[in-house]
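These notes concern the structure reproduced below.
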Amino acid sequence: MDAGDPGIHPPFWLVTRYEDVMRVSKDNATFLNNPRTVVFSLTEGIEFAKAFSGGTEHMVASLVTFDAPVHMKYRKLTQDWFMPKNLRTIEDEIRGIASATVDRLIAAGEEVDFCKLVSAPYPLHVVMQILGVPEEDEPLMLTLTQQMFGGSDEDLNQSGMKDLSPEAITQIVAGAVKNFEQYFAKITADRRANPQGDVASTIANATVDGEPLNDRDMMGYYIIVAAAGHDTTSASTAGAMMALAKDHEQWARVREDRSLLPGIVEEAIRWTSPVQHFMRTAAEDTEIGGQPIAKGDWIMINYIAANHDPAVFDDPRRFDAARTPNRHLAFGAGAHQCLGLHLARLEMRILFEVLLDRIESVELAGEPARSKSTFVGGLKTLPLKIKPA
């Protein structure tokens, strides 16, 4: 256990082995998402969240923070939207978005920043179309997401300042949450007056146990779809492109044999593990890997470590598109497995089909840079030199 300094952060158990992370992820009765925060936070941040939220440690109330039976009731509200059957009906639309994105990439010239032109805007546009956010508001959604998940990064938090204090970082994240809430309050009013065929209308008019969602839960629902729905896919997409840019032979092979593409998508998701951790709280005295855990103990399940566990993944730091099996934990497991996993895989597959059709070769044009983040993270810049087909 990291005993820590209670003045800096509460003590927690760090769980890194694949087998143990899988067990904690699936045992949602013993390891709870409530009442303690599900994202590692300093003591100062936890206290700020309590003041911000009116008493809970969660700055945002969402599917991520709910336990049974509430969690499944809320999950079912939008679950059908993200299942393969429904996604097949919008596959052509997604392909159109991918094609337009690659058009802009090629038009930008020989040397480009893949993150700025492709991996950030593409999944953002897809999920905003599903959610029902107008295209002109997508830059705002990207900015708020980057501030919320990359609050400690001077480029993403838009402060331009390195080494911000924990208090300043917390203020940036809280400001992003508040701006999200103000934006989606207007969306709610509109969709209640004029329901449309989008996820926003579903959320705005949803009921649980016969009652409309309260404002906090509703705003949390919008935020988890709007933010987590694209930032994670952005990280995996950029990770895949970086790996292929470093391996010219692999790029050439997959251009010739598209049956390799699903393996590249899956390996990119494992290799990057965009969601780096979640926290759980022990509901009772238990044990993990033979280590006694007391009721109320705080536990970090580290997905990066689990997805690079050499007991499960041979040569885990190597990007291997042919890795079989590849039962990674990047989407979590059990009841809280990522709602958007099918969408993420579909988006990446379609995008790389278009890229491989239209880009003959790709190589690094500089050093990629990773965002500073302890929760959701990935590349923030990926300079590439591309040669159109």
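Each chain of the structure tokens is named A, B, ... in the order shown, its residues numbered from 1; ligands are numbered from 1 in display order.
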Each residue of range 56-117 of chain A with at least one atom at most 12 Å from range 241-264 of chain A should appear once, together with its nearest atom pair and the corresponding distance in Å (one decimal); atoms considered: only C-alpha atoms; ordering: chain, then increasing residue number; output as JSON lines.
{"residue": "A:Asp113", "atom": "CA", "partner": "A:Met242", "partner_atom": "CA", "distance": 11.2}
{"residue": "A:Phe114", "atom": "CA", "partner": "A:Met241", "partner_atom": "CA", "distance": 8.3}
{"residue": "A:Cys115", "atom": "CA", "partner": "A:Met241", "partner_atom": "CA", "distance": 9.7}
Go ahead and dump the residues you just picked, C-alpha atoms, as a short mmCIF file (atom, residue, chain, number, x, y, z; two decimals), in the first residue's frame.
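So again.cif came out as:
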data_model
loop_
_atom_site.label_atom_id
_atom_site.label_comp_id
_atom_site.auth_asym_id
_atom_site.auth_seq_id
_atom_site.Cartn_x
_atom_site.Cartn_y
_atom_site.Cartn_z
CA ASP A 113 0.50 17.02 -37.06
CA PHE A 114 -1.67 13.90 -37.07
CA CYS A 115 -3.16 14.70 -33.66
#
For Ile301 in chain A, please output as an mmCIF file with N, CA and C atoms, in the first residue's frame all residues within 7 Å (counting only C-alpha atoms; exclusion window: fewer than 2 positions along the same chain).
data_model
loop_
_atom_site.group_PDB
_atom_site.id
_atom_site.type_symbol
_atom_site.label_atom_id
_atom_site.label_comp_id
_atom_site.auth_asym_id
_atom_site.auth_seq_id
_atom_site.Cartn_x
_atom_site.Cartn_y
_atom_site.Cartn_z
ATOM 1 N N LEU A 14 -2.145 -0.293 -4.814
ATOM 2 C CA LEU A 14 -1.896 -0.261 -6.250
ATOM 3 C C LEU A 14 -1.956 -1.689 -6.800
ATOM 4 N N VAL A 15 -2.887 -1.936 -7.716
ATOM 5 C CA VAL A 15 -3.080 -3.266 -8.295
ATOM 6 C C VAL A 15 -2.594 -3.231 -9.737
ATOM 7 N N THR A 16 -1.592 -4.063 -10.061
ATOM 8 C CA THR A 16 -0.949 -3.987 -11.365
ATOM 9 C C THR A 16 -1.016 -5.278 -12.172
ATOM 10 N N VAL A 21 -6.272 -7.173 -11.669
ATOM 11 C CA VAL A 21 -7.065 -6.074 -12.226
ATOM 12 C C VAL A 21 -8.358 -6.610 -12.835
ATOM 13 N N HIS A 277 -6.119 4.387 -15.343
ATOM 14 C CA HIS A 277 -6.496 3.754 -14.072
ATOM 15 C C HIS A 277 -7.939 4.078 -13.730
ATOM 16 N N PHE A 278 -8.474 3.335 -12.776
ATOM 17 C CA PHE A 278 -9.673 3.707 -12.046
ATOM 18 C C PHE A 278 -9.446 3.333 -10.589
ATOM 19 N N MET A 279 -10.156 4.011 -9.724
ATOM 20 C CA MET A 279 -10.093 3.710 -8.297
ATOM 21 C C MET A 279 -11.345 2.939 -7.889
ATOM 22 N N ILE A 299 -8.439 1.598 -3.681
ATOM 23 C CA ILE A 299 -7.672 0.694 -4.537
ATOM 24 C C ILE A 299 -7.538 1.301 -5.929
ATOM 25 N N TYR A 303 -4.537 0.043 -15.468
ATOM 26 C CA TYR A 303 -4.744 -0.644 -16.739
ATOM 27 C C TYR A 303 -3.468 -0.700 -17.579
#
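For the residues A:Phe352, A:Phe48, A:Phe66, A:Phe319, ranking by smallest atom-to-atom distance to Ala174 in chain A using only C-alpha atoms places A:Phe48 first.
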Problem - Filtered DSSP result for range 210-266 of chain A, state alpha helix (DSSP H), as a count of residues only - result: 46
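Minimum distance to Leu164 in chain A across A:Ala68, A:Gly150, A:Lys26, A:Leu384 (counting only C-alpha atoms) occurs at A:Gly150.
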For Ala200 in chain A, please output as a short mmCIF file (atom, residue, chain, number, x, y, z; two decimals) with C-alpha atoms, in the first residue's frame all residues within 12 Å (counting only C-alpha atoms; exclusion window: fewer than 6 positions along the same chain).
data_model
loop_
_atom_site.label_atom_id
_atom_site.label_comp_id
_atom_site.auth_asym_id
_atom_site.auth_seq_id
_atom_site.Cartn_x
_atom_site.Cartn_y
_atom_site.Cartn_z
CA LEU A 77 -30.92 4.43 -21.30
CA THR A 78 -28.38 4.78 -24.13
CA TRP A 81 -27.15 3.48 -29.37
CA VAL A 127 -19.51 11.18 -31.27
CA MET A 128 -20.90 14.72 -31.49
CA GLN A 129 -23.02 13.67 -34.46
CA ILE A 130 -24.40 10.79 -32.38
CA LEU A 131 -24.91 12.99 -29.34
CA GLY A 132 -26.51 15.80 -31.33
CA VAL A 133 -24.05 18.66 -30.77
CA PRO A 134 -23.86 21.11 -33.71
CA TYR A 183 -23.84 24.15 -22.37
CA PHE A 184 -25.87 20.98 -21.88
CA ALA A 185 -28.52 22.79 -19.84
CA LYS A 186 -29.34 24.67 -23.06
CA ILE A 187 -29.29 21.42 -25.06
CA THR A 188 -31.70 19.87 -22.54
CA ALA A 189 -34.19 22.71 -22.85
CA ASP A 190 -34.07 22.47 -26.64
CA ARG A 191 -34.46 18.68 -26.80
CA ARG A 192 -37.37 18.70 -24.39
CA ASN A 194 -37.99 19.70 -29.85
CA ALA A 206 -35.14 9.93 -19.93
CA MET A 218 -28.26 14.35 -16.34
CA MET A 219 -25.30 16.69 -16.75
CA TYR A 221 -24.46 11.67 -18.45
CA TYR A 222 -23.91 14.29 -21.14
CA ILE A 223 -20.34 14.89 -19.99
CA VAL A 225 -20.63 10.73 -23.49
CA ALA A 226 -19.24 14.02 -24.80
#
Spatial neighbours of Ile224 in chain A, max dist 10 Å, only C-alpha atoms, sep filter under 6 positions, as a PDB file with N, CA and C atoms, in the first residue's frame:
ATOM      1  N   VAL A  60     -18.158  14.919 -10.998  1.00  0.00           N
ATOM      2  CA  VAL A  60     -19.197  14.616 -11.984  1.00  0.00           C
ATOM      3  C   VAL A  60     -19.859  13.304 -11.586  1.00  0.00           C
ATOM      4  N   ALA A  61     -21.185  13.257 -11.573  1.00  0.00           N
ATOM      5  CA  ALA A  61     -21.921  12.016 -11.311  1.00  0.00           C
ATOM      6  C   ALA A  61     -22.278  11.396 -12.650  1.00  0.00           C
ATOM      7  N   SER A  62     -21.836  10.153 -12.874  1.00  0.00           N
ATOM      8  CA  SER A  62     -22.051   9.538 -14.185  1.00  0.00           C
ATOM      9  C   SER A  62     -22.076   8.027 -14.061  1.00  0.00           C
ATOM     10  N   LEU A  63     -22.187   7.367 -15.210  1.00  0.00           N
ATOM     11  CA  LEU A  63     -22.132   5.904 -15.238  1.00  0.00           C
ATOM     12  C   LEU A  63     -20.890   5.376 -14.535  1.00  0.00           C
ATOM     13  N   VAL A  64     -19.807   6.128 -14.619  1.00  0.00           N
ATOM     14  CA  VAL A  64     -18.534   5.701 -14.033  1.00  0.00           C
ATOM     15  C   VAL A  64     -18.600   5.675 -12.512  1.00  0.00           C
ATOM     16  N   THR A 145     -12.980  19.165 -23.001  1.00  0.00           N
ATOM     17  CA  THR A 145     -12.495  17.809 -22.734  1.00  0.00           C
ATOM     18  C   THR A 145     -11.013  17.833 -22.381  1.00  0.00           C
ATOM     19  N   HIS A 230     -14.798  10.482 -27.040  1.00  0.00           N
ATOM     20  CA  HIS A 230     -13.858  10.729 -28.147  1.00  0.00           C
ATOM     21  C   HIS A 230     -12.406  10.776 -27.707  1.00  0.00           C
TER      22      HIS A 230
END
Using only C-alpha atoms, what does the table of range 142-190 of chain A residues within 10 Å of range 359-381 of chain A look like, with each row giving the shortest atom pair and its distance in Å to one decimal, sorted by chain and ascending number, as JSON lines?
{"residue": "A:Gln146", "atom": "CA", "partner": "A:Ser371", "partner_atom": "CA", "distance": 9.7}
{"residue": "A:Met148", "atom": "CA", "partner": "A:Val376", "partner_atom": "CA", "distance": 9.6}
{"residue": "A:Phe149", "atom": "CA", "partner": "A:Val376", "partner_atom": "CA", "distance": 5.9}
{"residue": "A:Gly150", "atom": "CA", "partner": "A:Ser373", "partner_atom": "CA", "distance": 5.6}
{"residue": "A:Gly151", "atom": "CA", "partner": "A:Ser373", "partner_atom": "CA", "distance": 7.5}
{"residue": "A:Ser152", "atom": "CA", "partner": "A:Lys372", "partner_atom": "CA", "distance": 6.0}
{"residue": "A:Asp153", "atom": "CA", "partner": "A:Lys372", "partner_atom": "CA", "distance": 4.9}
{"residue": "A:Glu154", "atom": "CA", "partner": "A:Lys372", "partner_atom": "CA", "distance": 8.4}
{"residue": "A:Asp155", "atom": "CA", "partner": "A:Ser371", "partner_atom": "CA", "distance": 8.3}
{"residue": "A:Leu156", "atom": "CA", "partner": "A:Ser371", "partner_atom": "CA", "distance": 7.7}
Exercise for the section: Check the DSSP output for the backbone and give back, as number ranges by chain, the residues of range 150-346 of chain A in strand (DSSP E or B). Expected result: A: 207-208, 211-212, 275, 277-282, 286-288, 291-293, 298-302
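Those residues that approach Leu341 in chain A to within 12 Å, counting only C-alpha atoms, are Gln79, Trp81, Phe82, Met83, Pro84, Leu87, Ala228, Gly229, His230, Thr232, Thr233, Ser236, Val265, Glu266, Ile269, Leu329, Ala330, Phe331, Gly332, Ala333, His336, Gln337, Cys338, Ala344, Arg345, Leu346, Glu347 and Met348 of chain A; same-chain residues fewer than 3 positions away are not listed.
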